[in-house]
$ cat data.csv   # CSV, C-alpha atoms
chain,number,residue,atom,x,y,z
A,6,MET,CA,16.2,47.9,104.8
A,7,ASP,CA,12.5,48.0,103.8
A,8,HIS,CA,13.3,51.0,101.7
A,9,ILE,CA,15.9,49.1,99.7
A,10,VAL,CA,13.6,46.0,99.2
A,11,SER,CA,10.8,48.3,98.1
A,12,LEU,CA,13.1,50.0,95.6
A,13,SER,CA,14.4,46.7,94.2
A,14,LEU,CA,10.9,45.4,93.7
A,15,ARG,CA,9.8,48.6,91.9
A,16,THR,CA,12.9,48.3,89.6
A,17,VAL,CA,12.1,44.7,88.8
A,18,ALA,CA,8.5,45.6,88.1
A,19,LEU,CA,9.6,48.4,85.8
A,20,LEU,CA,12.0,46.2,83.9
A,21,ARG,CA,9.2,43.6,83.5
A,22,THR,CA,7.0,46.2,82.0
A,23,PHE,CA,9.6,47.2,79.5
A,24,LEU,CA,11.2,43.9,78.6
A,25,VAL,CA,8.2,41.5,78.9
A,26,ARG,CA,4.9,43.2,78.6
A,27,ASP,CA,5.7,46.2,76.4
A,28,ARG,CA,6.7,44.8,73.0
A,29,ARG,CA,6.6,48.2,71.3
A,30,GLY,CA,9.7,48.8,69.2
A,31,ALA,CA,10.8,45.2,69.3
A,32,ALA,CA,10.7,44.8,65.5
A,33,ALA,CA,12.9,48.0,65.2
A,34,LEU,CA,15.3,46.6,67.7
A,35,GLU,CA,15.5,43.2,65.8
A,36,PHE,CA,15.9,45.1,62.5
A,37,ALA,CA,18.8,47.2,64.0
A,38,LEU,CA,20.6,44.1,65.3
A,39,GLY,CA,19.9,42.2,62.1
A,40,SER,CA,21.2,45.1,60.0
A,41,VAL,CA,24.5,45.2,61.9
A,42,VAL,CA,25.0,41.4,61.4
A,43,LEU,CA,24.1,41.6,57.6
A,44,LEU,CA,26.3,44.7,57.0
A,45,SER,CA,29.2,43.2,58.9
A,46,THR,CA,28.9,40.0,56.8
A,47,ALA,CA,28.7,42.0,53.6
A,48,SER,CA,31.8,44.1,54.6
A,49,ILE,CA,33.8,41.0,55.4
A,50,CYS,CA,32.8,39.3,52.1
A,51,PHE,CA,33.8,42.4,50.1
A,52,ASP,CA,37.0,42.8,52.0
A,53,LEU,CA,37.8,39.1,51.4
A,54,TYR,CA,37.0,39.5,47.7
A,55,THR,CA,39.4,42.4,47.4
A,56,ARG,CA,42.1,40.4,49.2
A,57,ILE,CA,41.7,37.4,46.9
A,58,SER,CA,41.7,39.6,43.8
A,59,ALA,CA,44.8,41.5,45.0
A,60,ASP,CA,46.5,38.1,45.7
A,61,THR,CA,45.9,36.8,42.2
A,62,ALA,CA,46.9,40.2,40.7
A,63,GLY,CA,50.1,40.0,42.7
A,64,ALA,CA,51.0,36.7,41.0
A,65,ARG,CA,50.4,38.2,37.6
A,66,MET,CA,52.4,41.3,38.4
A,67,ALA,CA,55.4,39.2,39.6
A,68,SER,CA,55.2,37.1,36.4
A,69,ILE,CA,55.0,40.1,34.1
A,70,MET,CA,58.0,41.8,35.8
A,71,ALA,CA,60.0,38.5,35.7
A,72,ASP,CA,59.1,38.2,32.0
A,73,TYR,CA,60.3,41.7,31.3
A,74,VAL,CA,63.6,41.5,33.2
A,75,SER,CA,64.5,38.0,32.1
A,76,ARG,CA,64.9,39.0,28.4
A,77,ASP,CA,67.2,41.9,29.1
A,78,GLU,CA,71.0,41.9,29.2
A,79,HIS,CA,70.9,45.5,30.5
A,80,PRO,CA,67.7,46.0,32.5
A,81,ASP,CA,66.5,49.6,32.5
A,82,LEU,CA,65.5,50.5,36.0
A,83,ALA,CA,63.4,53.5,34.9
A,84,GLU,CA,61.3,51.3,32.6
A,85,MET,CA,61.0,48.6,35.3
A,86,THR,CA,59.7,51.3,37.7
A,87,LYS,CA,57.2,52.5,35.2
A,88,LEU,CA,56.1,49.0,34.5
A,89,GLY,CA,55.7,48.5,38.3
A,90,GLU,CA,53.6,51.7,38.6
A,91,PHE,CA,51.4,50.7,35.6
A,92,LEU,CA,50.8,47.3,37.1
A,93,TYR,CA,50.0,48.8,40.5
A,94,ASN,CA,47.4,51.1,38.9
A,95,ASN,CA,45.8,48.7,36.5
A,96,GLU,CA,46.4,45.2,37.8
A,97,LEU,CA,46.3,45.6,41.6
A,98,GLY,CA,43.9,48.5,41.5
A,99,VAL,CA,43.5,49.0,45.2
A,100,PRO,CA,45.5,51.3,47.6
A,101,ALA,CA,48.6,49.5,48.8
A,102,ASN,CA,52.2,49.8,49.7
A,103,LEU,CA,54.3,47.4,47.6
A,104,ALA,CA,57.8,46.4,46.8
A,105,PHE,CA,59.4,44.3,44.1
A,106,VAL,CA,62.6,42.4,44.8
A,107,VAL,CA,64.4,41.2,41.7
A,108,THR,CA,67.3,38.8,42.2
A,109,ALA,CA,69.6,37.3,39.6
A,110,ILE,CA,71.3,34.0,40.5
A,111,ARG,CA,74.0,32.3,38.5
A,112,LYS,CA,75.5,28.8,38.8
A,113,PRO,CA,79.2,28.9,37.9
A,114,SER,CA,80.7,25.7,36.5
A,115,GLY,CA,81.4,23.2,39.3
A,116,ASN,CA,80.4,25.7,42.1
A,117,PRO,CA,77.2,26.2,44.0
A,118,PRO,CA,74.8,29.0,42.8
A,119,GLU,CA,75.7,32.5,43.7
A,120,VAL,CA,73.8,35.8,43.8
A,121,LEU,CA,74.7,38.0,40.9
A,122,TRP,CA,72.7,41.0,42.1
A,123,ILE,CA,69.6,42.0,44.0
A,124,ASP,CA,67.4,45.0,43.2
A,125,GLU,CA,65.0,46.3,45.9
A,126,THR,CA,64.5,49.8,44.5
A,127,ILE,CA,61.0,49.4,42.9
A,128,LYS,CA,58.8,50.5,45.8
A,129,ILE,CA,55.4,52.2,45.6
A,130,GLY,CA,53.7,53.9,48.5
A,131,ASP,CA,54.8,55.1,51.9
A,132,ALA,CA,58.6,55.1,52.2
A,133,THR,CA,58.8,53.5,55.7
A,134,ALA,CA,56.2,50.8,54.9
A,135,THR,CA,57.7,49.9,51.5
A,136,GLN,CA,61.2,49.7,53.0
A,137,GLU,CA,59.9,47.3,55.7
A,138,LEU,CA,58.2,45.3,53.0
A,139,ALA,CA,61.3,45.1,50.8
A,140,ASP,CA,63.4,44.0,53.8
A,141,ALA,CA,61.1,41.1,54.6
A,142,CYS,CA,60.3,40.3,50.9
A,143,ALA,CA,63.7,38.8,49.8
A,144,GLN,CA,63.1,35.3,51.0
A,145,HIS,CA,65.4,33.6,48.5
A,146,VAL,CA,68.7,35.1,49.6
A,147,ASP,CA,70.3,34.5,53.0
A,148,GLY,CA,73.3,35.8,54.9
A,149,SER,CA,76.0,38.4,54.2
A,150,PRO,CA,77.3,38.3,51.5
A,151,PRO,CA,74.0,36.9,50.3
A,152,SER,CA,73.8,33.4,49.2
A,153,PRO,CA,70.8,32.0,47.2
A,154,VAL,CA,68.0,29.9,48.6
A,155,LEU,CA,66.5,28.4,45.5
A,156,PRO,CA,62.7,28.3,45.4
A,157,GLY,CA,61.0,24.9,45.3
A,158,HIS,CA,64.3,23.1,45.7
A,159,PHE,CA,65.2,24.0,42.2
A,160,THR,CA,68.4,22.7,40.8
A,161,MET,CA,70.5,24.7,38.3
A,162,ALA,CA,72.7,23.4,35.6
A,163,ASP,CA,76.2,24.9,35.1
A,164,ASP,CA,76.1,28.5,33.7
A,165,ASP,CA,72.3,28.8,34.2
A,166,ILE,CA,71.0,32.2,35.2
A,167,LEU,CA,67.8,32.5,37.1
A,168,ILE,CA,65.7,35.7,37.6
A,169,ILE,CA,63.5,35.7,40.6
A,170,VAL,CA,60.9,38.4,41.2
A,171,GLU,CA,59.4,38.6,44.6
A,172,PHE,CA,56.3,40.8,45.1
A,173,CYS,CA,55.2,42.0,48.5
A,174,ALA,CA,52.2,44.2,49.2
A,175,ARG,CA,50.3,45.5,52.2
A,176,LEU,CA,46.7,46.6,51.4
A,177,THR,CA,46.0,49.9,53.1
A,178,ARG,CA,42.2,50.4,52.7
A,179,LEU,CA,40.1,47.8,50.8
A,180,GLY,CA,41.2,44.3,51.9
A,181,ALA,CA,43.0,45.8,55.0
A,182,LEU,CA,40.6,43.7,57.3
A,183,SER,CA,41.7,40.4,55.7
A,184,GLN,CA,45.3,41.7,55.9
A,185,GLN,CA,45.1,41.6,59.7
A,186,VAL,CA,44.4,37.9,59.5
A,187,ALA,CA,46.3,36.8,56.4
A,188,GLY,CA,49.3,39.1,56.6
A,189,ASP,CA,51.1,40.8,53.7
A,190,ILE,CA,50.7,39.5,50.2
A,191,TYR,CA,53.8,37.6,49.0
A,192,ARG,CA,54.1,36.2,45.5
A,193,LEU,CA,57.1,34.8,43.6
A,194,TYR,CA,57.9,34.1,40.0
A,195,ALA,CA,61.2,32.6,38.7
A,196,LEU,CA,62.3,32.4,35.1
A,197,PRO,CA,65.6,31.5,33.5
A,198,ALA,CA,67.3,34.5,32.0
A,199,ARG,CA,66.8,34.5,28.2
A,200,THR,CA,69.8,36.6,27.3
A,201,GLN,CA,71.5,33.9,25.2
A,202,GLY,CA,74.3,33.0,27.5
A,203,LYS,CA,75.1,36.6,28.5
A,204,THR,CA,75.2,37.6,32.1
A,205,PRO,CA,72.6,40.3,32.8
A,206,ASP,CA,73.8,43.5,34.4
A,207,PRO,CA,72.1,44.9,37.5
A,208,PRO,CA,69.2,47.2,36.7
A,209,ALA,CA,70.4,50.7,36.1
B,27,MET,CA,4.2,31.3,57.4
B,28,THR,CA,4.5,34.6,59.1
B,29,THR,CA,5.6,37.8,57.4
B,30,GLU,CA,8.8,37.8,59.4
B,31,SER,CA,9.7,34.3,58.2
B,32,VAL,CA,9.1,35.3,54.5
B,33,LEU,CA,11.4,38.4,55.0
B,34,ALA,CA,14.0,36.3,56.8
B,35,ILE,CA,14.1,33.7,54.0
B,36,GLY,CA,14.1,36.4,51.3
B,37,THR,CA,17.0,38.2,53.0
B,38,PHE,CA,18.9,34.9,53.2
B,39,VAL,CA,18.3,34.1,49.5
B,40,ILE,CA,19.5,37.5,48.4
B,41,ALA,CA,22.6,37.4,50.6
B,42,PHE,CA,23.4,33.9,49.3
B,43,ALA,CA,22.9,35.0,45.7
B,44,GLY,CA,25.2,38.0,46.3
B,45,LEU,CA,27.9,35.8,47.8
B,46,MET,CA,27.7,33.5,44.8
B,47,GLU,CA,27.9,36.5,42.5
B,48,ILE,CA,31.1,37.7,44.2
B,49,VAL,CA,32.6,34.2,43.8
B,50,GLY,CA,31.5,34.1,40.1
B,51,VAL,CA,33.0,37.5,39.4
B,52,THR,CA,36.3,36.7,41.1
B,53,PHE,CA,36.6,33.4,39.2
B,54,GLN,CA,35.7,34.9,35.8
B,55,THR,CA,37.8,38.0,36.2
B,56,ASP,CA,40.8,35.9,37.0
B,57,GLN,CA,40.1,33.6,34.1
B,58,MET,CA,39.9,36.5,31.7
B,59,ASP,CA,43.1,38.1,33.0
B,60,ARG,CA,44.9,34.7,32.6
B,61,ALA,CA,43.5,34.5,29.0
B,62,ALA,CA,44.8,38.0,28.1
B,63,GLN,CA,48.2,37.0,29.6
B,64,ALA,CA,48.3,33.8,27.7
B,65,ALA,CA,47.5,35.7,24.4
B,66,ALA,CA,50.3,38.2,25.1
B,67,ARG,CA,52.8,35.4,25.9
B,68,ALA,CA,51.8,33.5,22.7
B,69,LEU,CA,52.4,36.6,20.6
B,70,ALA,CA,55.7,37.5,22.3
B,71,LEU,CA,57.1,34.1,21.4
B,72,ASP,CA,56.7,34.6,17.7
B,73,SER,CA,58.1,37.9,16.4
B,74,SER,CA,57.4,36.8,12.8
B,75,ILE,CA,53.6,37.3,13.2
B,76,LEU,CA,53.8,40.2,15.6
B,77,HIS,CA,53.3,42.9,12.9
B,78,ASP,CA,50.7,41.1,10.9
B,79,ASP,CA,47.3,42.2,12.2
B,80,ALA,CA,45.3,39.2,11.0
B,81,LYS,CA,47.9,36.6,12.1
B,82,ARG,CA,48.4,38.1,15.5
B,83,LYS,CA,44.6,38.3,16.1
B,84,GLU,CA,44.3,34.6,15.1
B,85,ARG,CA,47.2,33.5,17.3
B,86,ALA,CA,45.9,35.6,20.3
B,87,CYS,CA,42.5,34.1,19.9
B,88,ASP,CA,43.9,30.6,19.7
B,89,ALA,CA,45.7,31.2,23.0
B,90,ILE,CA,42.5,32.6,24.6
B,91,ILE,CA,40.5,29.6,23.4
B,92,ASP,CA,43.0,27.2,24.9
B,93,GLU,CA,43.0,29.1,28.2
B,94,LEU,CA,39.3,29.4,28.5
B,95,ASP,CA,38.7,25.9,27.0
B,96,LYS,CA,36.2,27.3,24.4
B,97,ASP,CA,35.0,25.9,21.1
B,98,PRO,CA,37.7,26.2,18.5
B,99,ALA,CA,35.3,28.2,16.3
B,100,PHE,CA,34.9,30.8,19.0
B,101,ASP,CA,35.6,34.3,17.5
B,102,CYS,CA,37.2,36.4,20.2
B,103,TRP,CA,37.2,39.7,18.2
B,104,ASP,CA,33.6,39.3,17.2
B,105,LYS,CA,32.6,38.5,20.8
B,106,TRP,CA,34.8,41.2,22.3
B,107,PRO,CA,35.0,44.1,19.8
B,108,ASP,CA,36.4,46.5,22.5
B,109,SER,CA,39.7,44.5,22.5
B,110,LYS,CA,43.0,45.4,21.0
B,111,ILE,CA,46.5,44.3,20.6
B,112,GLN,CA,49.4,46.7,20.8
B,113,PRO,CA,52.5,44.9,19.6
B,114,ASN,CA,55.3,47.3,20.3
B,115,VAL,CA,54.9,49.3,23.4
B,116,ASN,CA,57.4,50.6,26.0
B,117,PRO,CA,56.5,50.4,29.7
B,118,SER,CA,56.5,54.2,29.8
B,119,GLU,CA,53.8,54.3,27.1
B,120,LEU,CA,51.5,51.7,28.7
B,121,PRO,CA,49.0,54.1,30.2
B,122,ALA,CA,48.1,55.3,26.7
B,123,THR,CA,47.5,51.8,25.4
B,124,LEU,CA,44.6,51.4,27.9
B,125,ALA,CA,42.5,53.9,26.1
B,126,LEU,CA,41.0,52.5,22.9
B,127,ASN,CA,41.9,54.2,19.6
B,128,GLN,CA,44.8,55.9,21.3
B,129,ASP,CA,48.0,54.2,20.3
B,130,PRO,CA,51.2,55.6,21.6
B,131,ALA,CA,52.7,57.7,18.8
B,132,GLY,CA,55.8,56.3,17.2
B,133,SER,CA,56.1,53.5,19.7
B,134,SER,CA,58.9,51.1,19.1
B,135,GLY,CA,59.0,49.2,22.3
B,136,GLU,CA,59.4,45.5,23.0
B,137,MET,CA,56.3,44.6,24.9
B,138,VAL,CA,53.1,43.1,23.6
B,139,PHE,CA,50.0,44.4,25.2
B,140,VAL,CA,46.7,42.6,24.9
B,141,ARG,CA,43.5,44.2,26.2
B,142,ILE,CA,40.2,42.3,26.3
B,143,GLY,CA,37.1,44.4,26.8
B,144,TRP,CA,34.5,42.0,27.9
B,145,SER,CA,31.2,42.3,29.8
B,146,ARG,CA,29.5,40.2,32.4
B,147,ASP,CA,25.8,39.9,32.7
B,148,LEU,CA,24.7,40.7,36.3
B,149,MET,CA,23.5,37.8,38.3
B,150,SER,CA,24.2,35.6,35.3
B,151,PHE,CA,20.6,35.6,34.1
B,152,GLU,CA,20.2,34.5,30.5
B,153,GLN,CA,17.8,37.3,29.7
B,154,SER,CA,19.7,39.9,31.7
B,155,SER,CA,20.0,43.2,29.9
B,156,THR,CA,22.2,44.7,32.5
B,157,SER,CA,25.9,44.0,32.1
B,158,VAL,CA,29.1,45.5,33.4
B,159,SER,CA,32.1,46.2,31.3
B,160,MET,CA,35.3,44.7,32.4
B,161,VAL,CA,38.9,44.9,31.1
B,162,ALA,CA,41.5,42.2,31.2
B,163,MET,CA,45.0,42.8,30.1
B,164,GLY,CA,48.1,40.8,29.4
B,165,LEU,CA,51.7,42.0,28.9
B,166,ALA,CA,54.7,40.1,27.7
B,167,ARG,CA,58.1,41.0,26.4
B,168,ALA,CA,58.7,40.0,22.8
B,169,GLU,CA,61.8,38.2,21.6
B,170,PRO,CA,64.6,40.7,20.9
$ encode --input "data.csv" --output "structure tokens"
Amino acid sequence: MDHIVSLSLRTVALLRTFLVRDRRGAAALEFALGSVVLLSTASICFDLYTRISADTAGARMASIMADYVSRDEHPDLAEMTKLGEFLYNNELGVPANLAFVVTAIRKPSGNPPEVLWIDETIKIGDATATQELADACAQHVDGSPPSPVLPGHFTMADDDILIIVEFCARLTRLGALSQQVAGDIYRLYALPARTQGKTPDPPA
Amino acid sequence: MTTESVLAIGTFVIAFAGLMEIVGVTFQTDQMDRAAQAAARALALDSSILHDDAKRKERACDAIIDELDKDPAFDCWDKWPDSKIQPNVNPSELPATLALNQDPAGSSGEMVFVRIGWSRDLMSFEQSSTSVSMVAMGLARAEP
């Protein structure tokens, strides 16, 4: 018993020597701890900046794609894909998996709006991840056969045609930390078709 | 005041300035991207001026002035000489339009591409001689 008490007292004395009396290296320890906090804060800020930039870029990408599709009676899928790739490289500019979902909705005279076609083929990145994104991205169609859920409680006049472009992205490197909190990027842009009364074909 | 306090305050000031710089860059970059987009859309709406270099430059600059809320006398092309307008580009030719002085050969596409080459003074100091080059771009499909 005496032996244990003696050992404990010696341990406490040793700890006091290191933690209280001996201050050597304290500044280095503070610097190390402070560096971790500062570097973590800087990383989080940079990650957040990337996320915000990607989010606004996503909005622009959706609007450019919608503008492109809405003027075409026969949308060219190859050109749309190239446009998507260009926007990914030059507007988004950070590694990501992404998918565009383009939907055309028509309102026949005297009937509720109906889905003309949906295109989910423009995907960039890992096949599994982009398929998952595309499946979850189409938020303005519902059921099978798909019926439209108009964004923002839009109303459509008879014979109106609406082009909706939904953009979904999952950042894979920069911005991936904020991604854990904020989830995938989702952006939507809707425009009336400007094909002068002609019904646009599905992209091909 | 101890050395440690001075260092702590210095670190805090630098960190705060860095944070403000990030906010400033984010805001300004987004603003310039929107200005380029507004210019492209303005040009795409009027095919009559699309192939007149002087008119399209004037129209694009008007749209940029509106978007950035600048003085009407602001000369975009003098301020940002590294800018260009490519009035008839196909999506497949877009990568080439990003390089200055390298127009896609024989392009006859339908998209208007506006590229604004602008620069931002670091830390926004008036006398700063260090600036970073940035590119803002806008794309819109012209009337058929």
$ closest_atom_pairs --input "data.csv" --of "chain A" --to "chain B" --cutoff "7 Å" --atoms "all atoms listed in the file" --output "tab-separated table"
residue	atom	partner	partner_atom	distance
A:Ser58	CA	B:Thr52	CA	6.7
A:Ile69	CA	B:Ala166	CA	6.4
A:Asp72	CA	B:Arg167	CA	6.3
A:Tyr73	CA	B:Arg167	CA	5.4
A:Glu84	CA	B:Pro117	CA	5.7
A:Lys87	CA	B:Ser118	CA	5.7
A:Leu88	CA	B:Pro117	CA	5.0
A:Phe91	CA	B:Pro121	CA	6.8
$ residues_around --input "data.csv" --residues "stretch 115-128 of chain A" --least-positions-apart "3" --cutoff "6 Å" --atoms "all atoms listed in the file" --output "list of chain:residue names"
A:Thr86, A:Leu103, A:Ala104, A:Phe105, A:Val106, A:Val107, A:Thr108, A:Ala109, A:Ile110, A:Arg111, A:Lys112, A:Thr135, A:Ser152, A:Pro153
$ atom_distance --input "data.csv" --atom1 "atom CA of B:Ala86" --atom2 "atom CA of A:Leu97"
23.5 Å
$ atom_distance --input "data.csv" --atom1 "atom CA of B:Trp103" --atom2 "atom CA of A:Asp60"
29.1 Å
$ atom_distance --input "data.csv" --atom1 "atom CA of B:Met160" --atom2 "atom CA of A:Glu96"
12.4 Å
$ closest_residue --input "data.csv" --among "A:Ile9, A:Ala18, A:Asp147, A:Gly98" --to "A:Leu179" --atoms "all atoms listed in the file"
A:Gly98
$ residues_around --input "data.csv" --residues "A:Gln184" --least-positions-apart "2" --cutoff "12 Å" --atoms "all atoms listed in the file" --output "list of chain:residue names"
A:Ile49, A:Asp52, A:Leu53, A:Tyr54, A:Thr55, A:Arg56, A:Ile57, A:Ala59, A:Asp60, A:Ala101, A:Ala174, A:Arg175, A:Leu176, A:Thr177, A:Arg178, A:Leu179, A:Gly180, A:Ala181, A:Leu182, A:Val186, A:Ala187, A:Gly188, A:Asp189, A:Ile190, A:Tyr191
$ residues_around --input "data.csv" --residues "stretch 73-78 of chain B" --least-positions-apart "5" --cutoff "10 Å" --atoms "only C-alpha atoms" --output "list in words"
Ala68, Lys83, Glu84, Arg85, Ile111, Gln112, Pro113, Asn114, Val138, Ala168, Glu169 and Pro170 of chain B
$ closest_residue --input "data.csv" --among "A:Val74, A:Leu167, A:Ala198, A:Met66" --to "A:Asn95" --atoms "all atoms listed in the file"
A:Met66
$ closest_residue --input "data.csv" --among "A:Ala47, A:Cys173, A:Ile168, A:Leu155" --to "A:Arg192" --atoms "all atoms listed in the file"
A:Cys173
$ closest_residue --input "data.csv" --among "B:Ile91, B:Val140, B:Ile40, B:Leu71" --to "B:Gln57" --atoms "all atoms listed in the file"
B:Ile91
$ residues_near_point --input "data.csv" --point "(63.4, 38.4, 45.2)" --cutoff "7 Å" --atoms "only C-alpha atoms" --output "list in words"
Val106, Val107, Thr108, Cys142, Ala143, Gln144, His145, Ile169, Val170 and Glu171 of chain A
$ write_last_selection --input "data.csv" --atoms "C-alpha atoms" --output "PDB file, in the coordinates of the input"
ATOM      1  CA  VAL A 106      62.600  42.400  44.800  1.00  0.00           C
ATOM      2  CA  VAL A 107      64.400  41.200  41.700  1.00  0.00           C
ATOM      3  CA  THR A 108      67.300  38.800  42.200  1.00  0.00           C
ATOM      4  CA  CYS A 142      60.300  40.300  50.900  1.00  0.00           C
ATOM      5  CA  ALA A 143      63.700  38.800  49.800  1.00  0.00           C
ATOM      6  CA  GLN A 144      63.100  35.300  51.000  1.00  0.00           C
ATOM      7  CA  HIS A 145      65.400  33.600  48.500  1.00  0.00           C
ATOM      8  CA  ILE A 169      63.500  35.700  40.600  1.00  0.00           C
ATOM      9  CA  VAL A 170      60.900  38.400  41.200  1.00  0.00           C
ATOM     10  CA  GLU A 171      59.400  38.600  44.600  1.00  0.00           C
TER      11      GLU A 171
END
$ decode --input "data.csv" --residues "stretch 104-126 of chain B" --atoms "N, CA and C atoms" --output "compact mmCIF listing (two decimals), in the first residue's frame"
# COMPACT_ATOMS: atom_id res chain seq x y z
N ASP B 104 -12.18 50.27 -73.40
CA ASP B 104 -10.95 50.95 -73.03
C ASP B 104 -10.46 50.42 -71.68
N LYS B 105 -11.42 50.20 -70.80
CA LYS B 105 -11.08 49.73 -69.45
C LYS B 105 -10.62 48.26 -69.47
N TRP B 106 -11.26 47.47 -70.31
CA TRP B 106 -10.94 46.03 -70.36
C TRP B 106 -10.53 45.65 -71.79
N PRO B 107 -9.32 46.01 -72.19
CA PRO B 107 -8.91 45.74 -73.58
C PRO B 107 -8.81 44.25 -73.92
N ASP B 108 -8.69 43.41 -72.90
CA ASP B 108 -8.58 41.96 -73.17
C ASP B 108 -9.95 41.31 -73.31
N SER B 109 -10.90 42.06 -73.80
CA SER B 109 -12.26 41.52 -73.93
C SER B 109 -12.58 41.30 -75.40
N LYS B 110 -13.56 40.47 -75.65
CA LYS B 110 -13.94 40.23 -77.03
C LYS B 110 -15.39 39.77 -77.11
N ILE B 111 -15.93 39.94 -78.31
CA ILE B 111 -17.28 39.43 -78.58
C ILE B 111 -17.15 38.50 -79.79
N GLN B 112 -17.65 37.31 -79.65
CA GLN B 112 -17.68 36.38 -80.78
C GLN B 112 -19.15 36.16 -81.11
N PRO B 113 -19.64 36.72 -82.22
CA PRO B 113 -21.10 36.75 -82.44
C PRO B 113 -21.71 35.47 -82.99
N ASN B 114 -20.93 34.57 -83.53
CA ASN B 114 -21.56 33.43 -84.21
C ASN B 114 -20.78 32.15 -83.95
N VAL B 115 -20.98 31.60 -82.80
CA VAL B 115 -20.17 30.45 -82.43
C VAL B 115 -21.07 29.25 -82.12
N ASN B 116 -20.58 28.08 -82.46
CA ASN B 116 -21.28 26.83 -82.11
C ASN B 116 -20.75 26.33 -80.77
N PRO B 117 -21.57 25.61 -80.01
CA PRO B 117 -21.07 25.09 -78.74
C PRO B 117 -19.78 24.28 -78.90
N SER B 118 -19.66 23.55 -80.02
CA SER B 118 -18.45 22.74 -80.22
C SER B 118 -17.21 23.59 -80.44
N GLU B 119 -17.40 24.87 -80.80
CA GLU B 119 -16.26 25.75 -81.06
C GLU B 119 -15.92 26.63 -79.87
N LEU B 120 -16.71 26.51 -78.82
CA LEU B 120 -16.53 27.43 -77.68
C LEU B 120 -15.14 27.40 -77.05
N PRO B 121 -14.51 26.24 -76.88
CA PRO B 121 -13.18 26.28 -76.25
C PRO B 121 -12.21 27.21 -76.97
N ALA B 122 -12.29 27.28 -78.29
CA ALA B 122 -11.37 28.13 -79.05
C ALA B 122 -11.65 29.61 -78.81
N THR B 123 -12.88 29.95 -78.51
CA THR B 123 -13.20 31.37 -78.33
C THR B 123 -12.62 31.93 -77.05
N LEU B 124 -12.25 31.05 -76.14
CA LEU B 124 -11.68 31.54 -74.88
C LEU B 124 -10.29 32.12 -75.09
N ALA B 125 -9.58 31.64 -76.10
CA ALA B 125 -8.24 32.16 -76.36
C ALA B 125 -8.36 33.42 -77.19
N LEU B 126 -7.76 34.47 -76.70
CA LEU B 126 -7.82 35.74 -77.45
C LEU B 126 -7.14 35.58 -78.80
